[in-house]
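J.: Pasting a structure here, questions to come.
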Amino acid sequence: MAQAEHVGSPHESLHRHAPAPDPVTVSDLLAEPLLRNTLVAGATGAGRAVRWCLPLSEITGDPDAAEEGVAVHAHADHLRDGAGPATVERVAASGAVALLVRLGRADVASPAELRVSFPEARAAADAAGLPLALLPPTADYRAVSQLVATKVLAQATHVLQYSDRVHRSLGEIHARGAGIPSLAYGMARMGEAPVMVVDLDGTVLAYETTAAGTKPAPAPVAAVLARHVEGLVRGELPIGATVLDPVDAAGSAVVPIAAAVMFGGEISGLVAVLEPPHGDPHDRAQRRIIAEEGAVLVGSEMLRIRSMTEAEERTRGDFVVELVHGRFADGGQLQARARHHGFSVDGRYAVYVAELDPPASDDVRAVRRFNAAARAVERLYPEAALPTLATQIGGNLVVVHPVANGVDAAAVRDVAGAVRRVLRERLDAEARVAFGRVGTGAGGVATSYREARTALALGRRIDVPPVAGYDDLRIFVALRDLADSENGRSFATEMLAPLRRADGNARSLESVVFAYIAESGNLNAAARRLGLHRNTTLYKLDRVSRVLGMDIRSADTQFMVWLAHHIDTLTQVNDSLDEELAPPP
């Protein structure tokens with residue numbers, strides 16, 4: 001069972017996942033009245049983000065002291081007398097995003113004259129992709145740095161105000177306990193775009209839009225989001241709101257803005273706002289915030305639902321465990337719990353046990369996938385009058401399935417095949433499914449479970465199909481009473497002990513005699529089965545005869561050894577089950 005996860009308050013989650021505001025760019029800065037029409041070179045870098053302004057005197061040019069996001073303010077004197085290229089290279093090397101040069105009074109000229117001023121500096125700025133702006137004498141460092149700070153802080157304030165409004169609106173929906181679809185609808189209404197929510201396995205939990213909106217085909221979008229979730233889990237992608245590549249949803253292209261749903265440091269799903277291609281940048285910025293804030297509240301709702309689901313699964317699992325192990329102390333206790341789980345004390349049931357290959361791991365995600373597969377098995381026959389109960393016991397899936405009167409053996413076997421298909425599809429693993437005979441009430445369930453476990457254990461020792469019932473192993477059914485008797489166990493021990501003493505740990509004689517019996521006494525066929533030379537096989541069979549004191553070529557001797565082997569196998573299985581299914585002390 002996975003340990004409980006620590007989850008902070010919604011405000012704590014908001015702080016951890018606060019959306020980053022769309023940055024103020026060099027172009028935005030140069031659009032301000034004080035700096036308008038001042039760009040003379042390096043226009044290719046005008047889309048870079050600005051976060052602060054520093055004077056040239058504080059720029060070292062050291063690549064290890066990068067000034068990312070900084071606009072550098074300098075005086076025109078630093079461009080005169082051939083110093084322009086060196087100044088530009090120094091600023092570019094520092095990682096700064098723009099060079100803002102304040103002209104002196106003597107440098108004031110017409111726009112046409114300014115565009116040809118400082119040609120060496122302009123050429124260097126174009127080569128470096130560093131925006132170079134020639135500012136009026138009034139644009140001193142104080143004025144420019146104040147302008148940068150004001151714009152950056154105003155942008156951040158606007159984003160935080162909008163984030164708070166979105167969070168409060170979605171928080172009201174969440175507080176009403178309306179569920180994930182209602183949260184998705186609230187997001188769709190605020191963003192005026194469809195919203196899809198998927199879980200860790202890419203299953204769509206909600207897909208909503210406004211009444212006036214249209215929903216693109218869900219399957220292509222869900223497939224893209226499922227792949228994105230996989231990348232998030234592997235740590236290959238950022239968890240914040242990410243604008244994905246456009247998706248062709250059956251002719252209707254959309255651009256998912258996806259944000260990871262997280263709590264307790266664990267990724268649990270994805271929220272995506274689906275906007276049209278070439279959307280308005282302002283709308284896209286708002287939808288990024290909606291995706292981020294929605295992911296926080298959806299995560300809280302997922303946690304609430306998961307807590308309820310896991311509590312119900314534990315209760316149901318405990319009931320099934322006690323049911324199949326026959327541990328109810330009295331009928332009153334059974335009746336009280338049976339009513340809660342829809343179990344009929346007079347109903348007819350067959351028990352199925354499925355063993356995965358490879359076995360299910362115990363990490364959190366694998367456990368949840370296994371539980372989801374168990375719920376899918378429970379939904380296989382929704383039309384049944386009584387519910388199917390499924391849970392994990394010892395790494396195996398145990399299914400208690402109701403069987404109506406008149407249902408034939410073929411239908412009981414079909415259920416086993418259906419369980420195997422669900423496990424293969426959901427868990428991408430092969431499964432061996434064994435089932436017991438139909439029984440009535442709690443006692444019948446306990447007996448059927450033991451038979452299913454017996455069939456599963458025998459299936460590991462002998463060659464049986466991946467779906468097998470207890471009745472399929474008829475010889476073992478016939479030998480059950482003999483294997484439980486003192487005479488039967490003594491007979492098996494007396495027959496096999498001489499072989500095993502002669503073998504030591506190798507068990508080579510035992511394998512030779514069983515291969516010989518399996519091939520109906522055909523020496524050549526037994527040698528081929530064992531991969532041995534005919535003479536070697538003959539030598540070992542002669543040795544078997546000497547050890548047993550009986551001729552192994554005799555049909556009676558072969559039958560006695562075969563019978564002893566089957567009794568011994570069934571005894572080992574029964575002893576193991578007795579130990580496991582014994583009531584706790």
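Following the order of the structure tokens, chains are lettered A, B, ..., residues in each are numbered from 1, and ligands are numbered from 1.
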I need the residues in segment 479-528 of chain A that are helix (DSSP H, G or I) according to DSSP; give them as a ChimeraX atom specification.

T.: /A:479-484,486-503,508-518,523-528

J.: Could you please write out, as a count of residues only, every residue of segment 255-431 of chain A that DSSP assigns to strand (DSSP E)?

T.: 43

J.: Fewer than 6 positions away in the same chain doesn't count, so skip those; otherwise give me all residues within 9 Å of segment 446-461 of chain A, counting only C-alpha atoms, as a VMD selection string.

T.: chain A and resid 323 to 326 349 to 355 398 400 432 to 439 468 to 473 476 569 to 570 573 to 574 577 581

J.: Okay, now the selection with C-alpha atoms, as a short mmCIF file (atom, residue, chain, number, x, y, z; two decimals), in the first residue's frame?

T.:
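Full text of result12.cif as output:
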data_model
loop_
_atom_site.label_atom_id
_atom_site.label_comp_id
_atom_site.auth_asym_id
_atom_site.auth_seq_id
_atom_site.Cartn_x
_atom_site.Cartn_y
_atom_site.Cartn_z
CA LEU A 323 -14.30 -13.56 2.53
CA VAL A 324 -11.94 -15.76 0.51
CA HIS A 325 -10.04 -16.81 3.62
CA GLY A 326 -13.24 -17.67 5.48
CA TYR A 349 -20.05 -17.19 -6.97
CA ALA A 350 -16.92 -18.30 -8.77
CA VAL A 351 -13.51 -17.02 -7.72
CA TYR A 352 -10.78 -16.17 -10.25
CA VAL A 353 -7.11 -15.59 -9.43
CA ALA A 354 -4.88 -13.86 -11.99
CA GLU A 355 -1.09 -13.95 -11.79
CA VAL A 398 -8.59 -11.94 -6.96
CA VAL A 400 -15.28 -12.78 -6.80
CA ARG A 432 -2.34 -16.66 -16.07
CA VAL A 433 -5.91 -16.94 -14.79
CA ALA A 434 -7.21 -19.88 -12.75
CA PHE A 435 -10.70 -20.30 -11.33
CA GLY A 436 -12.48 -22.56 -8.91
CA ARG A 437 -15.87 -24.20 -9.11
CA VAL A 438 -19.06 -22.26 -8.48
CA GLY A 439 -20.07 -22.20 -4.80
CA ALA A 468 -7.56 -23.06 -16.51
CA GLY A 469 -10.22 -24.14 -14.07
CA TYR A 470 -9.90 -26.49 -11.14
CA ASP A 471 -11.97 -29.08 -13.01
CA ASP A 472 -9.47 -28.97 -15.89
CA LEU A 473 -6.96 -30.66 -13.59
CA PHE A 476 -5.48 -33.83 -9.22
CA THR A 569 2.92 -32.26 -6.19
CA LEU A 570 -0.60 -31.88 -4.85
CA VAL A 573 0.55 -27.21 -3.10
CA ASN A 574 -1.94 -28.07 -0.36
CA LEU A 577 -2.02 -23.12 0.81
CA LEU A 581 -4.81 -19.58 4.36
#

J.: Give me the residues within 10 Å of segment 487-502 of chain A as a list in words, counting only C-alpha atoms and dropping any in the same chain fewer than 6 places off.

T.: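 Everything that qualifies: Leu479, Arg480, Asp481, Ser508, Leu509, Glu510, Val513, Arg543, Val544, Ser545, Arg546, Val547, Leu548, Gly549, Thr557, Met560, Val561, Trp562, Leu563, Ala564, His565, His566, Ile567, Asp568, Thr569 and Thr571 of chain A.
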
J.: Compile the contact shell of segment 138-154 of chain A as a VMD selection string: residues with an atom at most 8 Å away, counting only C-alpha atoms, same-chain residues fewer than 3 positions apart removed.

T.: chain A and resid 23 to 24 29 34 to 35 50 to 55 73 to 74 102 135 157 to 158

J.: Have a look at atom CA of Ile290 of chain A and atom CA of Val204 of chain A and let me know their distance in Å, one decimal.

T.: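 Those two atoms sit 18.6 Å apart.
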
J.: Identify, on the basis of only C-alpha atoms, every residue whose closest approach to Asp346 of chain A does not exceed 10 Å; exclude the query and any residue fewer than 6 positions from it along the same chain; express the result as a ChimeraX atom specification.

T.: /A:439-442,444

J.: Export N, CA and C atoms of the chosen residues as a short mmCIF file (atom, residue, chain, number, x, y, z; two decimals), in the first residue's frame?

T.:
data_model
loop_
_atom_site.label_atom_id
_atom_site.label_comp_id
_atom_site.auth_asym_id
_atom_site.auth_seq_id
_atom_site.Cartn_x
_atom_site.Cartn_y
_atom_site.Cartn_z
N GLY A 439 -19.61 -21.85 -6.14
CA GLY A 439 -20.07 -22.20 -4.80
C GLY A 439 -21.10 -21.21 -4.32
N THR A 440 -21.77 -21.53 -3.23
CA THR A 440 -22.83 -20.69 -2.69
C THR A 440 -22.38 -20.00 -1.42
N GLY A 441 -22.64 -18.68 -1.35
CA GLY A 441 -22.37 -17.92 -0.14
C GLY A 441 -20.90 -17.80 0.19
N ALA A 442 -20.65 -17.36 1.43
CA ALA A 442 -19.27 -17.13 1.86
C ALA A 442 -18.46 -18.42 1.87
N GLY A 444 -18.90 -21.06 -0.03
CA GLY A 444 -18.60 -21.42 -1.41
C GLY A 444 -17.50 -20.56 -2.00
#

J.: Residues near Arg234 of chain A, anyone? I mean within 12 Å using only C-alpha atoms, not counting same-chain ones fewer than 4 positions away, as an mmCIF file with C-alpha atoms, in the first residue's frame.

T.:
data_model
loop_
_atom_site.group_PDB
_atom_site.id
_atom_site.type_symbol
_atom_site.label_atom_id
_atom_site.label_comp_id
_atom_site.auth_asym_id
_atom_site.auth_seq_id
_atom_site.Cartn_x
_atom_site.Cartn_y
_atom_site.Cartn_z
ATOM 1 C CA LEU A 200 -1.403 10.084 -15.092
ATOM 2 C CA ARG A 227 2.618 11.673 -24.439
ATOM 3 C CA HIS A 228 3.248 14.974 -22.661
ATOM 4 C CA VAL A 229 2.398 13.381 -19.307
ATOM 5 C CA GLU A 230 4.904 10.608 -20.024
ATOM 6 C CA PRO A 238 8.835 21.526 -17.621
ATOM 7 C CA ILE A 239 5.861 21.255 -15.274
ATOM 8 C CA GLU A 266 4.161 14.004 -7.559
ATOM 9 C CA ILE A 267 2.740 14.496 -11.051
#

J.: Do you have the atom CA of Ser252 of chain A-atom CA of Gly179 of chain A distance handy?

T.: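 Atom CA of Gly179 of chain A lies at a distance of 28.0 Å from atom CA of Ser252 of chain A.
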
J.: In Å, rounded to a single decimal, give me how far atom CA of Leu170 of chain A is from atom CA of Thr210 of chain A.

T.: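 Answer for the atom CA of Thr210 of chain A to atom CA of Leu170 of chain A separation: 15.4 Å.
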
J.: Have a look at A:Val273, A:Ala98, A:Leu232, A:Val298 and name the one nearest to Leu183 of chain A; count only C-alpha atoms.

T.: A:Val298

J.: In terms of the shortest atom-to-atom distance over only C-alpha atoms, which of A:Gly95, A:Gly231, A:Gly191, A:Gly42 is closest to Asp283 of chain A?

T.: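 Nearest candidate to Asp283 of chain A out of A:Gly95, A:Gly231, A:Gly191, A:Gly42: A:Gly191.
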